[in-house]
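So this one's input.cif, mmCIF, C-alpha atoms:
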data_upload
loop_
_atom_site.label_atom_id
_atom_site.label_comp_id
_atom_site.auth_asym_id
_atom_site.auth_seq_id
_atom_site.Cartn_x
_atom_site.Cartn_y
_atom_site.Cartn_z
CA MET A 7 -21.31 61.20 15.55
CA SER A 8 -21.87 64.96 15.78
CA ALA A 9 -23.33 67.08 12.97
CA ASN A 10 -19.90 68.54 12.12
CA THR A 11 -18.13 65.20 11.84
CA CYS A 12 -17.74 63.52 8.48
CA ALA A 13 -17.32 59.82 7.97
CA HIS A 14 -14.43 59.04 5.63
CA ALA A 15 -14.45 56.00 3.43
CA THR A 16 -11.34 54.74 1.72
CA ILE A 17 -11.90 53.98 -1.95
CA PRO A 18 -9.85 51.02 -3.21
CA THR A 19 -7.25 51.88 -5.84
CA SER A 20 -8.82 49.49 -8.36
CA LEU A 21 -12.17 51.28 -8.08
CA THR A 22 -10.49 54.68 -8.37
CA ALA A 23 -8.71 53.50 -11.50
CA LYS A 24 -11.98 52.26 -13.03
CA LEU A 25 -13.61 55.64 -12.30
CA LEU A 26 -10.79 57.81 -13.67
CA LEU A 27 -9.05 55.87 -16.42
CA PRO A 28 -10.38 55.26 -19.92
CA GLU A 29 -9.23 51.62 -20.06
CA ALA A 30 -8.41 50.48 -16.55
CA ASP A 31 -7.73 46.94 -17.75
CA TYR A 32 -4.28 47.70 -19.13
CA LEU A 33 -3.40 50.95 -17.38
CA ARG A 34 -2.10 50.97 -13.82
CA LEU A 35 -2.89 54.04 -11.71
CA ASP A 36 0.34 55.20 -10.09
CA GLU A 37 -0.43 58.65 -8.70
CA ILE A 38 -2.87 61.56 -8.83
CA VAL A 39 -1.29 65.02 -8.64
CA ILE A 40 -3.44 68.11 -8.05
CA ASP A 41 -1.63 71.34 -8.93
CA GLY A 42 -3.76 74.47 -8.76
CA GLN A 43 -6.59 73.99 -11.25
CA ASP A 44 -4.95 71.05 -13.03
CA VAL A 45 -5.07 67.34 -12.23
CA THR A 46 -2.43 64.95 -13.54
CA ILE A 47 -3.18 61.24 -13.45
CA VAL A 48 0.06 59.28 -13.65
CA THR A 49 -0.35 55.85 -15.20
CA THR A 50 1.81 53.04 -16.55
CA SER A 51 0.87 50.69 -19.34
CA CYS A 52 0.77 47.08 -18.18
CA GLN A 53 -0.07 45.29 -21.42
CA THR A 54 1.30 41.77 -21.51
CA THR A 55 1.54 41.08 -25.25
CA PRO A 56 2.37 44.15 -27.34
CA CYS A 57 2.37 43.39 -31.06
CA CYS A 58 4.16 45.14 -33.91
CA PRO A 59 1.60 47.32 -35.73
CA SER A 60 3.18 46.49 -39.11
CA CYS A 61 3.58 42.71 -39.02
CA GLY A 62 1.64 41.63 -35.91
CA VAL A 63 4.53 39.69 -34.30
CA VAL A 64 4.47 39.70 -30.50
CA ALA A 65 7.38 41.69 -29.08
CA THR A 66 9.60 40.30 -26.35
CA ARG A 67 12.46 42.81 -26.15
CA GLU A 68 11.94 46.23 -24.63
CA HIS A 69 13.80 49.12 -26.29
CA SER A 70 13.06 52.06 -23.98
CA ARG A 71 10.29 53.98 -22.20
CA TYR A 72 8.82 57.42 -22.65
CA THR A 73 5.95 59.58 -21.45
CA ARG A 74 2.89 60.82 -23.30
CA ARG A 75 0.69 63.58 -21.85
CA PRO A 76 -2.71 63.71 -23.59
CA GLY A 77 -5.59 65.77 -22.24
CA ASP A 78 -8.56 63.91 -20.76
CA LEU A 79 -12.09 64.66 -19.58
CA PRO A 80 -12.32 67.25 -16.77
CA CYS A 81 -12.92 66.21 -13.19
CA VAL A 82 -14.76 68.47 -10.71
CA GLY A 83 -14.25 71.51 -12.95
CA ARG A 84 -10.49 70.94 -13.29
CA GLN A 85 -8.52 70.17 -16.43
CA VAL A 86 -7.16 66.63 -16.42
CA ARG A 87 -4.03 65.45 -18.14
CA LEU A 88 -2.98 61.82 -18.28
CA GLN A 89 0.69 61.04 -17.92
CA LEU A 90 1.03 57.73 -19.77
CA ASN A 91 4.30 55.91 -19.23
CA VAL A 92 4.60 53.65 -22.28
CA ARG A 93 7.27 51.32 -23.65
CA ARG A 94 9.04 51.02 -26.99
CA PHE A 95 9.85 47.54 -28.28
CA PHE A 96 12.06 45.95 -30.89
CA CYS A 97 10.33 44.08 -33.70
CA ASP A 98 12.18 40.77 -33.99
CA ASN A 99 10.69 39.87 -37.37
CA PRO A 100 13.59 40.19 -39.89
CA ALA A 101 11.12 40.70 -42.76
CA CYS A 102 9.44 43.68 -41.05
CA GLN A 103 10.57 47.16 -42.08
CA GLN A 104 9.73 48.60 -38.67
CA ARG A 105 12.63 48.10 -36.26
CA THR A 106 11.03 49.62 -33.15
CA PHE A 107 7.49 50.55 -32.19
CA VAL A 108 5.54 51.98 -29.29
CA GLU A 109 2.85 49.90 -27.63
CA ARG A 110 -0.57 51.03 -28.78
CA LEU A 111 -3.27 52.08 -26.33
CA PRO A 112 -6.54 51.41 -28.19
CA GLY A 113 -9.55 52.98 -26.57
CA VAL A 114 -7.35 55.43 -24.68
CA VAL A 115 -5.44 57.57 -27.18
CA ARG A 116 -4.67 57.30 -30.88
CA SER A 117 -1.12 57.43 -32.20
CA PHE A 118 0.32 60.96 -32.04
CA ALA A 119 -2.93 62.34 -30.53
CA ARG A 120 -2.86 65.10 -27.92
CA ARG A 121 -6.24 64.19 -26.39
CA THR A 122 -7.83 60.94 -25.29
CA THR A 123 -10.47 59.42 -27.54
CA ARG A 124 -13.20 60.12 -24.99
CA LEU A 125 -12.23 63.83 -24.77
CA ALA A 126 -12.14 64.03 -28.58
CA ASP A 127 -15.62 62.47 -28.75
CA ILE A 128 -17.08 65.03 -26.30
CA GLN A 129 -15.38 67.93 -28.10
CA ARG A 130 -16.70 66.59 -31.43
CA GLN A 131 -20.23 66.55 -29.98
CA ILE A 132 -19.80 70.16 -28.80
CA GLY A 133 -18.60 71.12 -32.28
CA LEU A 134 -21.56 69.38 -33.94
CA ALA A 135 -24.03 71.09 -31.60
CA LEU A 136 -22.58 74.60 -31.36
CA GLY A 137 -20.06 75.06 -34.15
CA GLY A 138 -16.62 76.62 -33.89
CA GLU A 139 -16.52 79.81 -31.82
CA ALA A 140 -19.55 79.12 -29.62
CA GLY A 141 -18.33 75.55 -29.08
CA ALA A 142 -14.87 76.76 -28.08
CA ARG A 143 -16.38 79.14 -25.51
CA SER A 144 -18.60 76.40 -24.11
CA ALA A 145 -15.73 73.91 -23.93
CA MET A 146 -13.59 76.50 -22.10
CA ARG A 147 -16.32 76.93 -19.45
CA GLN A 148 -16.42 73.13 -19.05
CA ALA A 149 -12.61 72.89 -18.45
CA MET A 150 -11.98 71.35 -21.88
CA PRO A 151 -10.20 74.20 -23.69
CA VAL A 152 -10.02 73.78 -27.46
CA SER A 153 -9.76 76.20 -30.36
CA ALA A 154 -12.63 76.79 -32.76
CA ASP A 155 -10.50 75.48 -35.63
CA THR A 156 -9.80 72.23 -33.78
CA LEU A 157 -13.51 71.75 -33.07
CA LEU A 158 -14.28 72.19 -36.76
CA ARG A 159 -11.48 69.77 -37.66
CA LEU A 160 -12.93 67.17 -35.28
CA VAL A 161 -16.36 67.66 -36.86
CA SER A 162 -15.00 67.33 -40.40
CA HIS A 163 -13.31 64.01 -39.48
CA THR A 164 -16.60 62.57 -38.21
CA GLU A 165 -17.46 59.36 -40.00
CA LEU A 166 -21.07 59.32 -41.06
CA ALA A 167 -23.11 56.15 -40.91
CA PRO A 168 -23.93 54.77 -44.35
CA ALA A 169 -27.33 55.87 -45.57
CA ALA A 170 -29.93 53.19 -46.16
CA SER A 171 -30.87 52.55 -49.78
CA PRO A 172 -34.32 53.87 -50.65
CA LYS A 173 -36.98 51.30 -51.44
CA VAL A 174 -38.85 53.45 -53.94
CA LEU A 175 -37.35 56.01 -56.33
CA GLY A 176 -39.30 58.56 -58.31
#
Re-express the file's structure as structure tokens.
Amino acid sequence: MSANTCAHATIPTSLTAKLLLPEADYLRLDEIVIDGQDVTIVTTSCQTTPCCPSCGVVATREHSRYTRRPGDLPCVGRQVRLQLNVRRFFCDNPACQQRTFVERLPGVVRSFARRTTRLADIQRQIGLALGGEAGARSAMRQAMPVSADTLLRLVSHTELAPAASPKVLG
């Protein structure tokens, strides 16, 4: 092999999914799209037993599908956006008030969130370390754009560990 020749190795799709996806166990990697400075990772949920969040009954009837697009951690200096194809289900429990629900993706993204939990954790750490404006500038340089107000909101929602009771008072 000459000095200018590169050896190419093919990475299996399962390994690629484990490297890129927050929870590769119940997300299937469908496609990776690179467009300019943005990367879109197209995935489909492949959970087998989605349960109603209100009553806990396992759903069997699919209602429809839709797409969520939360931001994720950057990759090689590029912004990453997940395209999550998720399903809606009917709740077949007649006593349940919720008629339809969307399958939850714990460990990936919270309900109604616009960023993955791992991106939110990193941005929260930046906010704790640098504050609002400085943190927003640092996050922008790291391809995780966020406003100063959002960083401060993430910091204010941080749950503190309970403090240990003192052994001696006074």
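Of the listed residues A:Asp31, A:Asp78, A:Glu68, A:Glu139, the one whose atoms come nearest to Arg94 in chain A is A:Glu68, with distances taken using only C-alpha atoms.
With only C-alpha atoms as the atoms that count, the minimum distance from Gln103 in chain A to the choices A:Ala119, A:Cys61, A:Ala142, A:Ile132 is reached by A:Cys61.
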Is it possible to get the residues within 12 Å of (-14.4, 77.9, -16.2) (coordinates as in the file, counting all atoms listed in the file) written as number ranges by chain? A: 43, 80, 82-85, 142-151
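Considering the residues A:Ile47, A:Val108, A:Cys57, A:Leu158 and counting only C-alpha atoms, His69 in chain A has its shortest atom-to-atom contact with A:Val108.
Under the PyMOL selection byres ((chain A and resi 164) around 12), the matching residues in the shown file are Ala126, Asp127, Gln129, Arg130, Gln131, Gly133, Leu134, Leu157, Leu158, Arg159, Leu160, Val161, Ser162, His163, Glu165, Leu166 and Ala167 of chain A.
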Can you give me, as JSON, numbers by chain, the residues this file yields under the PyMOL selection byres ((chain A and resi 109) around 9)? {"A": [51, 53, 56, 57, 58, 59, 92, 93, 94, 95, 107, 108, 110, 111]}
